[in-house]
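**Student:** Let me give you the structure first, and then I'll get to my questions.
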Amino acid sequence: MAFSNRRIVVGLSTVIVVAFGSILYGFSVFVTDHAAGADFSTTVLSLGITGAGIASALVARPLGRYMDGHGVRGVIILGSALACAGMVAFSFSTEPWQVFAAWWVLIGPATAAVYYEPAMVGIAGWIAPISQPKAFGALTLIGGLAGAIFIPLTERLVSAFGWRPTAQILGGAIFLTALITGWLAIPGGTGAFGAHASPIPAGIRSLLADRRFVYFTVALLLAYLSVQGLVAHRVDRFTEAGFPLSVVALWAGLASVISMPGRYVAPLLVGRIRATVMTGGVFGVLAIAILVAIPGSSSVSMVGHFVLFGIAFGAITPLRAMVMTKWYAGSEYGEISGTQSSVIFFVAAFGATVVGLARDLTGSYVPVLLALTGAVGLAALLTLAAGRADDRLQDDRSM
């Protein structure tokens with residue numbers, strides 16, 4: 001069966017929409033008092049998604065190494081089965097330890113196999129470099145539908161059936177989507193464009209010696225830590241401030257729609273504006289979006305937050321892919337990217353718990369939102385530093 005670029009991108013994107021939407025965006029509804037938040041504390045649910053992030057980080061590097069040699073299709077299908085099992089187990093949870101088991105043991109490892117990372121490896125291997133900016137843009141553009149579809153959808157399903165049947169429905173959707181698209185739209189094997197040697201070895205020592213990798217990875221972990229905490233709790237932040245859940249869920253979904261232009265346009269602009277400069281600017285906008293959420297109770301605060309967040313959030317993933325493939329594309333790209341993912345997602349996994357604990361301890365979201373604003377601002381500066389480190393490296397190589 002022949003696989004066109006379009007078919008590959010649509011197949012990978014569809015898996016991301018359903019998996020990302022059901023798990024991450026679905027959690028933002030599950031955590032509220034209208035859903036699982038009525039049965040478990042914010043801290044318990046936050047620890048659940050935090051442990052899932054840690055589990056995902058632990059498997060990211062070995063999974064990347066495996067995909068370098070065997071491709072992504074089998075990984076995606078197996079990961080979807082684990083995700084389905086985890087969502088079903090979560091739906092039957094009545095004790096905190098059962099929530100932890102479902103998220104840490106099943107859903108966490110599954111996310112490493114059904115989120116963006118395998119899709120990025122697949123595009124790097126199967127699509128020619130000249131077509132990759134468009135492919136990355138289209139991938140994240142379609143992936144942006146996850147929030148727009150699944151936040152309101154999850155809220156409607158919870159209202160109609162309760163949170164437990166909703167978790168079961170979403171888990172089944174993840175598995176069936178990956179199974180169908182895996183065989184119809186995702187090729188087996190590694191692809192011709194992932195066969196050439198990577199510019200540097202994937203060993204930890206080599207990566208730590210590369211200042212570009214270190215600066216950019218620290219910037220990403222700060223940004224993803226902040227985003228994970230924000231996405232998990234922003235619905236609760238504004239419902240707590242007095243807005244109806246349906247209104248906040250609608251605006252959270254609209255933020256994903258607003259993110260779409262950035263998802264597609266950002267990688268196409270890399271030829272005119274270097275990716276690190278664009279990424280630093282995006283982090284700056286994200287910092288402002290978090291700052292705007294601090295007042296909370298006004299419509300200007302809520303709407304402004306979701307609009308600015310949408311503008312910035314959409315561009316982060318494709319720009320990360322553009323930076324990493326430009327620096328490291330080759331036969332070890334999956335392992336290099338997986339190593340970075342292990343670091344950033346391990347740290348980012350604590351985002352939901354940090355925000356949840358801070359909220360429970362202080363009785364307010366304000367202090368932790370101020371801290372997140374500073375963290376993302378620092379991420380912007382480190383990204384620019386990574387670009388300067390790349391300039392110095394290129395100068396050294398040309399001498």
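Residue numbering restarts at 1 in every chain; chains get A, B, ... in the order shown in the structure tokens, and ligands count up from 1 in that same order.
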Identify, on the basis of only C-alpha atoms, every residue whose closest approach to stretch 99-101 of chain A does not exceed 12 Å; exclude the query and any residue fewer than 6 positions from it along the same chain; express the result as an MDAnalysis selection string.

**Tutor:** chainID A and resid 36:37 39:41 43:55 85:93 107:109

**Student:** Those residues with C-alpha atoms, as an mmCIF file, in the first residue's frame please?

**Tutor:**
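Writing done, so here's again-v1.cif:
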```cif
data_model
loop_
_atom_site.group_PDB
_atom_site.id
_atom_site.type_symbol
_atom_site.label_atom_id
_atom_site.label_comp_id
_atom_site.auth_asym_id
_atom_site.auth_seq_id
_atom_site.Cartn_x
_atom_site.Cartn_y
_atom_site.Cartn_z
ATOM 1 C CA ALA A 36 -14.162 13.152 39.264
ATOM 2 C CA GLY A 37 -13.389 16.169 41.416
ATOM 3 C CA ASP A 39 -15.106 11.951 44.350
ATOM 4 C CA PHE A 40 -11.395 12.766 44.686
ATOM 5 C CA SER A 41 -9.454 15.810 45.853
ATOM 6 C CA THR A 43 -4.373 16.906 44.897
ATOM 7 C CA VAL A 44 -5.168 13.224 44.282
ATOM 8 C CA LEU A 45 -6.194 13.834 40.676
ATOM 9 C CA SER A 46 -3.203 16.108 40.128
ATOM 10 C CA LEU A 47 -0.870 13.421 41.483
ATOM 11 C CA GLY A 48 -2.495 11.014 39.050
ATOM 12 C CA ILE A 49 -1.664 13.063 35.980
ATOM 13 C CA THR A 50 1.735 13.985 37.423
ATOM 14 C CA GLY A 51 2.660 10.327 37.842
ATOM 15 C CA ALA A 52 1.482 9.707 34.287
ATOM 16 C CA GLY A 53 3.856 12.379 33.049
ATOM 17 C CA ILE A 54 6.738 10.844 34.993
ATOM 18 C CA ALA A 55 5.981 7.394 33.574
ATOM 19 C CA ALA A 85 -7.142 0.106 29.548
ATOM 20 C CA GLY A 86 -6.043 3.020 31.728
ATOM 21 C CA MET A 87 -9.139 5.103 31.081
ATOM 22 C CA VAL A 88 -11.375 2.128 31.867
ATOM 23 C CA ALA A 89 -9.430 1.426 35.066
ATOM 24 C CA PHE A 90 -9.748 5.102 36.033
ATOM 25 C CA SER A 91 -13.520 4.909 35.520
ATOM 26 C CA PHE A 92 -13.786 2.115 38.100
ATOM 27 C CA SER A 93 -11.583 3.836 40.688
ATOM 28 C CA ILE A 107 -2.097 5.967 30.889
ATOM 29 C CA GLY A 108 1.360 7.446 31.529
ATOM 30 C CA PRO A 109 3.415 5.055 29.365
#
```

**Student:** Name all residues at most 12 Å from A:Leu208 (count only C-alpha atoms; drop same-chain ones fewer than 4 positions away) and give them as a count of residues only.

**Tutor:** 15

**Student:** From the DSSP assignment of the backbone, select every residue of stretch 70-143 of chain A that is alpha helix (DSSP H), and format the answer as a PyMOL selection string.

**Tutor:** chain A and resi 70+73-91+96-101+108-114+116-126+132-143

**Student:** Using only C-alpha atoms, can you tell me which of A:Phe243, A:Tyr333, A:Phe309, A:Tyr328 comes closest to A:Met260?

**Tutor:**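 Answer, going by the shortest atom-to-atom distance: A:Phe309.
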
**Student:** So, counting only C-alpha atoms, which residue among A:Val29, A:Ala386, A:Val282, A:Ile8 is closest to A:Trp126?

**Tutor:**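 Comparing A:Val29, A:Ala386, A:Val282, A:Ile8 against A:Trp126, the winner is A:Ile8.
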
**Student:** Separation of atom CA of A:Arg392 and atom CA of A:Gly280, in Å?

**Tutor:**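 Between atom CA of A:Arg392 and atom CA of A:Gly280 the gap works out to 18.4 Å.
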
**Student:** Restricting the calculation to only C-alpha atoms: of A:Leu221, A:Val270, A:Val277, A:Val343, which residue gets closest to A:Leu378?

**Tutor:**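 Closest to A:Leu378, using only C-alpha atoms: A:Leu221.
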
**Student:** What's around A:Phe27 at 12 Å? Count only C-alpha atoms, leave out sequence neighbours fewer than 3 positions away in its own chain, and write the answer as JSON, numbers by chain.

**Tutor:** {"A": [19, 20, 21, 22, 23, 24, 30, 31, 32, 35, 36, 37, 42, 45, 46, 48, 49, 50, 52, 87, 90, 103, 107, 147, 150, 151, 154, 155, 158, 163, 166, 167, 170, 228, 229, 230, 231, 232, 233, 234, 235, 236, 249, 352]}

**Student:** Take the selection from the previous step and output its residues with N, CA and C atoms, as a compact mmCIF listing (two decimals), in the first residue's frame.

**Tutor:**
```txt
# COMPACT_ATOMS: atom_id res chain seq x y z
N ALA A 19 -6.35 11.07 21.17
CA ALA A 19 -5.61 10.72 22.39
C ALA A 19 -5.35 11.94 23.26
N PHE A 20 -4.83 12.99 22.66
CA PHE A 20 -4.52 14.21 23.40
C PHE A 20 -5.80 14.81 23.97
N GLY A 21 -6.85 14.84 23.14
CA GLY A 21 -8.10 15.42 23.58
C GLY A 21 -8.73 14.64 24.72
N SER A 22 -8.72 13.31 24.60
CA SER A 22 -9.37 12.47 25.61
C SER A 22 -8.63 12.50 26.94
N ILE A 23 -7.29 12.47 26.89
CA ILE A 23 -6.51 12.34 28.11
C ILE A 23 -6.21 13.70 28.75
N LEU A 24 -5.46 14.55 28.06
CA LEU A 24 -5.03 15.81 28.67
C LEU A 24 -6.20 16.79 28.79
N PHE A 30 -12.43 16.44 34.00
CA PHE A 30 -12.53 15.43 35.06
C PHE A 30 -12.16 15.99 36.43
N VAL A 31 -11.21 16.95 36.47
CA VAL A 31 -10.71 17.45 37.74
C VAL A 31 -11.71 18.36 38.46
N THR A 32 -12.74 18.83 37.75
CA THR A 32 -13.69 19.76 38.36
C THR A 32 -14.66 19.04 39.30
N ALA A 35 -17.26 16.52 38.01
CA ALA A 35 -16.86 15.20 37.51
C ALA A 35 -16.11 14.45 38.60
N ALA A 36 -14.92 13.93 38.28
CA ALA A 36 -14.16 13.15 39.26
C ALA A 36 -13.75 13.98 40.47
N GLY A 37 -13.71 15.30 40.30
CA GLY A 37 -13.39 16.17 41.42
C GLY A 37 -14.38 16.09 42.56
N THR A 42 -8.49 17.57 44.53
CA THR A 42 -7.67 18.13 43.46
C THR A 42 -6.25 17.58 43.53
N LEU A 45 -6.10 13.87 42.13
CA LEU A 45 -6.19 13.83 40.68
C LEU A 45 -4.94 14.44 40.04
N SER A 46 -4.43 15.50 40.65
CA SER A 46 -3.20 16.11 40.13
C SER A 46 -2.02 15.15 40.23
N GLY A 48 -2.27 12.01 40.08
CA GLY A 48 -2.49 11.01 39.05
C GLY A 48 -1.89 11.42 37.72
N ILE A 49 -2.19 12.62 37.27
CA ILE A 49 -1.66 13.06 35.98
C ILE A 49 -0.17 13.37 36.06
N THR A 50 0.30 13.78 37.25
CA THR A 50 1.74 13.99 37.42
C THR A 50 2.50 12.67 37.29
N ALA A 52 1.55 10.11 35.69
CA ALA A 52 1.48 9.71 34.29
C ALA A 52 2.57 10.39 33.48
N MET A 87 -7.93 4.31 30.91
CA MET A 87 -9.14 5.10 31.08
C MET A 87 -10.27 4.27 31.69
N PHE A 90 -9.45 3.85 35.35
CA PHE A 90 -9.75 5.10 36.03
C PHE A 90 -11.24 5.21 36.32
N TRP A 103 -3.40 5.86 36.19
CA TRP A 103 -2.66 6.92 35.49
C TRP A 103 -1.17 6.63 35.41
N ILE A 107 -1.93 4.77 31.72
CA ILE A 107 -2.10 5.97 30.89
C ILE A 107 -0.77 6.67 30.65
N GLY A 147 -8.38 20.21 21.68
CA GLY A 147 -9.04 20.99 22.72
C GLY A 147 -10.39 21.49 22.29
N PHE A 150 -12.62 18.22 22.31
CA PHE A 150 -12.76 17.34 23.46
C PHE A 150 -13.04 18.03 24.78
N ILE A 151 -12.73 19.30 24.93
CA ILE A 151 -13.14 19.96 26.17
C ILE A 151 -14.66 20.12 26.21
N THR A 154 -16.22 16.48 26.26
CA THR A 154 -16.12 15.82 27.56
C THR A 154 -17.10 16.41 28.55
N GLU A 155 -17.24 17.72 28.54
CA GLU A 155 -18.20 18.38 29.44
C GLU A 155 -19.62 17.91 29.14
N VAL A 158 -19.99 14.21 30.25
CA VAL A 158 -20.08 14.13 31.71
C VAL A 158 -21.46 14.56 32.18
N TRP A 163 -19.09 11.03 34.84
CA TRP A 163 -17.68 11.00 34.44
C TRP A 163 -17.15 9.60 34.21
N THR A 166 -18.05 8.34 30.75
CA THR A 166 -17.33 9.21 29.82
C THR A 166 -15.88 8.74 29.65
N ALA A 167 -15.22 8.41 30.76
CA ALA A 167 -13.85 7.91 30.69
C ALA A 167 -13.77 6.63 29.86
N LEU A 170 -14.20 7.54 26.08
CA LEU A 170 -13.00 8.17 25.52
C LEU A 170 -11.86 7.16 25.37
N GLN A 228 1.56 22.52 31.40
CA GLN A 228 0.87 21.36 31.97
C GLN A 228 0.05 21.77 33.20
N GLY A 229 0.66 22.56 34.07
CA GLY A 229 -0.05 23.01 35.25
C GLY A 229 -1.23 23.90 34.91
N LEU A 230 -1.03 24.74 33.91
CA LEU A 230 -2.08 25.68 33.52
C LEU A 230 -3.26 24.96 32.86
N VAL A 231 -2.96 24.07 31.91
CA VAL A 231 -4.02 23.36 31.20
C VAL A 231 -4.85 22.51 32.16
N ALA A 232 -4.17 21.88 33.13
CA ALA A 232 -4.88 21.01 34.06
C ALA A 232 -5.81 21.77 35.00
N HIS A 233 -5.50 23.06 35.26
CA HIS A 233 -6.25 23.77 36.31
C HIS A 233 -6.93 25.05 35.84
N ARG A 234 -6.76 25.46 34.60
CA ARG A 234 -7.32 26.75 34.22
C ARG A 234 -8.84 26.73 34.20
N VAL A 235 -9.46 25.60 33.84
CA VAL A 235 -10.92 25.54 33.90
C VAL A 235 -11.38 25.72 35.34
N ASP A 236 -10.72 25.03 36.27
CA ASP A 236 -11.07 25.16 37.68
C ASP A 236 -10.77 26.56 38.19
N ALA A 249 -15.47 26.09 29.63
CA ALA A 249 -15.15 25.00 28.71
C ALA A 249 -15.22 25.47 27.26
N ALA A 352 0.95 19.92 37.10
CA ALA A 352 -0.41 19.83 37.65
C ALA A 352 -0.38 19.74 39.17
```
